[in-house]
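J.: Got a structure for you, written out below as structure tokens; questions coming shortly.
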Amino acid sequence: MNSDDLTYKIYSDPNFVNKFFQQTKNIYNTNFYDRTETLKLFDNLQGKKVLDAGCGSGVYLEWLLEKEALPTVVDYSLAMLEQVKAKYLNKIRLYHADLREKLTFIDEEFDYILCAMVLLHIKDWNKTFKEFNRILKNNGILIFSTVHPFADISDENNYFDIEQVEEAWDFYNITMPSYRRPLEEIFKTIKETGFTILDLIEPKP
């Protein structure tokens, strides 16, 4: 596990994690923007193996279990995983893993991979997407969400570069770093790692 990661110290801080768990369901963008649209992309999940890649506080787990899916979760924050484990215990498989590295799962293990608002913290998506492709079943589906490239654009940014940006999270009294990338770069990664685009949603406020 690379402790020099962009957000590792933030997501490994017990004080931040406790606060994050308490507030997750109250985050407007998560509840009424990203998650609402993301869930529309799933089909029948009964008995389907779903990897929640970068599960964080496990906001999707309750819904996946209600749909009778078979969830597996990974996250690089042990503090996050401990909280998820305490809440869901024997209902899920849980692994400590870094999405930038090779994962321990067998080839074609999962029907779905969900990666919600995690990739924005990873600079190079290529290795991550190749691993996702490897562990997805034939005709398996990757559903991911990220920040729109225009959300962080300013006069100081070059739209066509992959750039590190920062956002003030006032409630947590921190500045959260992430990477902004153009749509061209996102589509290039999808194509070069063997995926085919089935749907694209730009949620409307």
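Numbering starts fresh at 1 for the residues of each chain in the structure tokens, the chains themselves are lettered A, B, ... in the order given, and ligands are numbered from 1 as they appear.
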I need the helix (DSSP H, G or I) residues of chain A per DSSP on the backbone, written as an MDAnalysis selection string.

T.: chainID A and resid 8:11 14:26 28:39 61:66 78:91 119:121 126:135 149:152 170:172 183:192

J.: Skip A:Ile153 itself and residues of its chain fewer than 2 positions away, then list as number ranges by chain all residues within 10 Å of it, counting only C-alpha atoms.

T.: A: 148-151, 155-159, 163, 165, 180-182

J.: Would you pick out the contacts of stretch 72-82 of chain A at 7 Å or less, using only C-alpha atoms, so that residues sharing its chain but fewer than 2 positions from it are not included, and give the list as number ranges by chain?

T.: A: 11-12, 14, 17, 50-57, 70, 84-86, 92-98

J.: How would the residues just picked look written out with C-alpha atoms as a PDB file, in the first residue's frame?

T.:
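Dumped to part.pdb:
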ATOM      1  CA  TYR A  11      -8.924   8.621   4.248  1.00  0.00           C
ATOM      2  CA  SER A  12      -6.783   6.897   6.871  1.00  0.00           C
ATOM      3  CA  PRO A  14      -9.876   8.028  12.073  1.00  0.00           C
ATOM      4  CA  VAL A  17     -13.469   8.650   8.679  1.00  0.00           C
ATOM      5  CA  VAL A  50     -20.649  -7.188  -7.647  1.00  0.00           C
ATOM      6  CA  LEU A  51     -17.313  -5.617  -6.762  1.00  0.00           C
ATOM      7  CA  ASP A  52     -17.641  -2.264  -4.999  1.00  0.00           C
ATOM      8  CA  ALA A  53     -14.218  -0.897  -5.924  1.00  0.00           C
ATOM      9  CA  GLY A  54     -13.267   1.812  -3.455  1.00  0.00           C
ATOM     10  CA  CYS A  55     -16.271   1.246  -1.200  1.00  0.00           C
ATOM     11  CA  GLY A  56     -15.465   4.073   1.220  1.00  0.00           C
ATOM     12  CA  SER A  57     -18.249   4.234   3.788  1.00  0.00           C
ATOM     13  CA  LEU A  70     -23.404 -10.810  -3.744  1.00  0.00           C
ATOM     14  CA  VAL A  84     -17.816  -1.229   6.894  1.00  0.00           C
ATOM     15  CA  LYS A  85     -16.874  -4.558   8.467  1.00  0.00           C
ATOM     16  CA  ALA A  86     -18.489  -3.579  11.764  1.00  0.00           C
ATOM     17  CA  ILE A  92     -19.996  -9.276   2.321  1.00  0.00           C
ATOM     18  CA  ARG A  93     -16.471 -10.242   1.295  1.00  0.00           C
ATOM     19  CA  LEU A  94     -14.011  -7.530   2.224  1.00  0.00           C
ATOM     20  CA  TYR A  95     -10.437  -6.897   1.054  1.00  0.00           C
ATOM     21  CA  HIS A  96      -7.752  -4.312   1.676  1.00  0.00           C
ATOM     22  CA  ALA A  97      -6.457  -3.319  -1.765  1.00  0.00           C
ATOM     23  CA  ASP A  98      -5.060  -0.490  -3.858  1.00  0.00           C
TER      24      ASP A  98
END

J.: For A:Glu68, find every residue with an atom within 8 Å (counting only C-alpha atoms), except residues of its own chain fewer than 2 positions away, and show them as a tab-separated table (two decimals) with N, CA, C and O atoms, in the first residue's frame.

T.:
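Writing done, so here's around_19.tsv:
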chain	number	residue	atom	x	y	z
A	45	LEU	N	-30.01	-7.69	-10.18
A	45	LEU	CA	-28.79	-8.00	-9.44
A	45	LEU	C	-28.89	-9.28	-8.60
A	45	LEU	O	-27.91	-9.66	-7.96
A	46	GLN	N	-30.01	-9.92	-8.61
A	46	GLN	CA	-30.19	-11.10	-7.77
A	46	GLN	C	-29.15	-12.17	-8.11
A	46	GLN	O	-29.05	-12.65	-9.24
A	47	GLY	N	-28.34	-12.53	-7.10
A	47	GLY	CA	-27.33	-13.57	-7.28
A	47	GLY	C	-26.11	-13.14	-8.07
A	47	GLY	O	-25.23	-13.95	-8.35
A	48	LYS	N	-26.04	-11.87	-8.44
A	48	LYS	CA	-24.91	-11.38	-9.23
A	48	LYS	C	-23.75	-10.97	-8.32
A	48	LYS	O	-23.94	-10.38	-7.26
A	64	LEU	N	-27.29	-2.72	-2.56
A	64	LEU	CA	-26.89	-3.95	-3.24
A	64	LEU	C	-27.44	-5.18	-2.51
A	64	LEU	O	-27.90	-6.14	-3.15
A	65	LEU	N	-27.39	-5.15	-1.19
A	65	LEU	CA	-27.90	-6.28	-0.42
A	65	LEU	C	-29.41	-6.39	-0.53
A	65	LEU	O	-29.97	-7.49	-0.58
A	66	GLU	N	-30.09	-5.25	-0.58
A	66	GLU	CA	-31.55	-5.27	-0.76
A	66	GLU	C	-31.92	-5.89	-2.09
A	66	GLU	O	-32.97	-6.54	-2.22
A	70	LEU	N	-24.46	-10.21	-4.56
A	70	LEU	CA	-23.40	-10.81	-3.74
A	70	LEU	C	-22.20	-9.86	-3.77
A	70	LEU	O	-21.34	-9.96	-4.63

J.: Looking at only C-alpha atoms, which of A:Tyr179, A:Phe16, A:Phe144, A:Phe132 is the one that sits closest to A:Leu99?

T.: A:Phe132

J.: Run DSSP on the backbone and tell me which residues of chain A come out as strand (DSSP E); list them as a PyMOL selection string.

T.: chain A and resi 49-53+70-75+93-96+110-116+136-145+163-169+174-180

J.: Which distance in Å separates atom CA of A:Thr38 and atom CA of A:Ala69, to one decimal?

T.: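 For atom CA of A:Thr38 relative to atom CA of A:Ala69, the distance reads 15.9 Å.
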
J.: With only C-alpha atoms as the basis for distance, which of A:Asn138, A:Ala116, A:Lys102, A:Met176 is at the shortest distance from A:Glu37?

T.: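 Under the stated criterion, the closest residue is A:Ala116.
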
J.: Hey, which of A:Gln83, A:Ile135, A:Asn90, A:Glu166 ends up closest to A:Ser178? Count only C-alpha atoms.

T.: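 Smallest distance to A:Ser178 is found for A:Glu166.
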
J.: Using only C-alpha atoms, pick whichever of A:Asp34, A:Glu192, A:Asp152, A:Glu185 has the shortest atom-to-atom distance to A:Glu167.

T.: A:Asp152
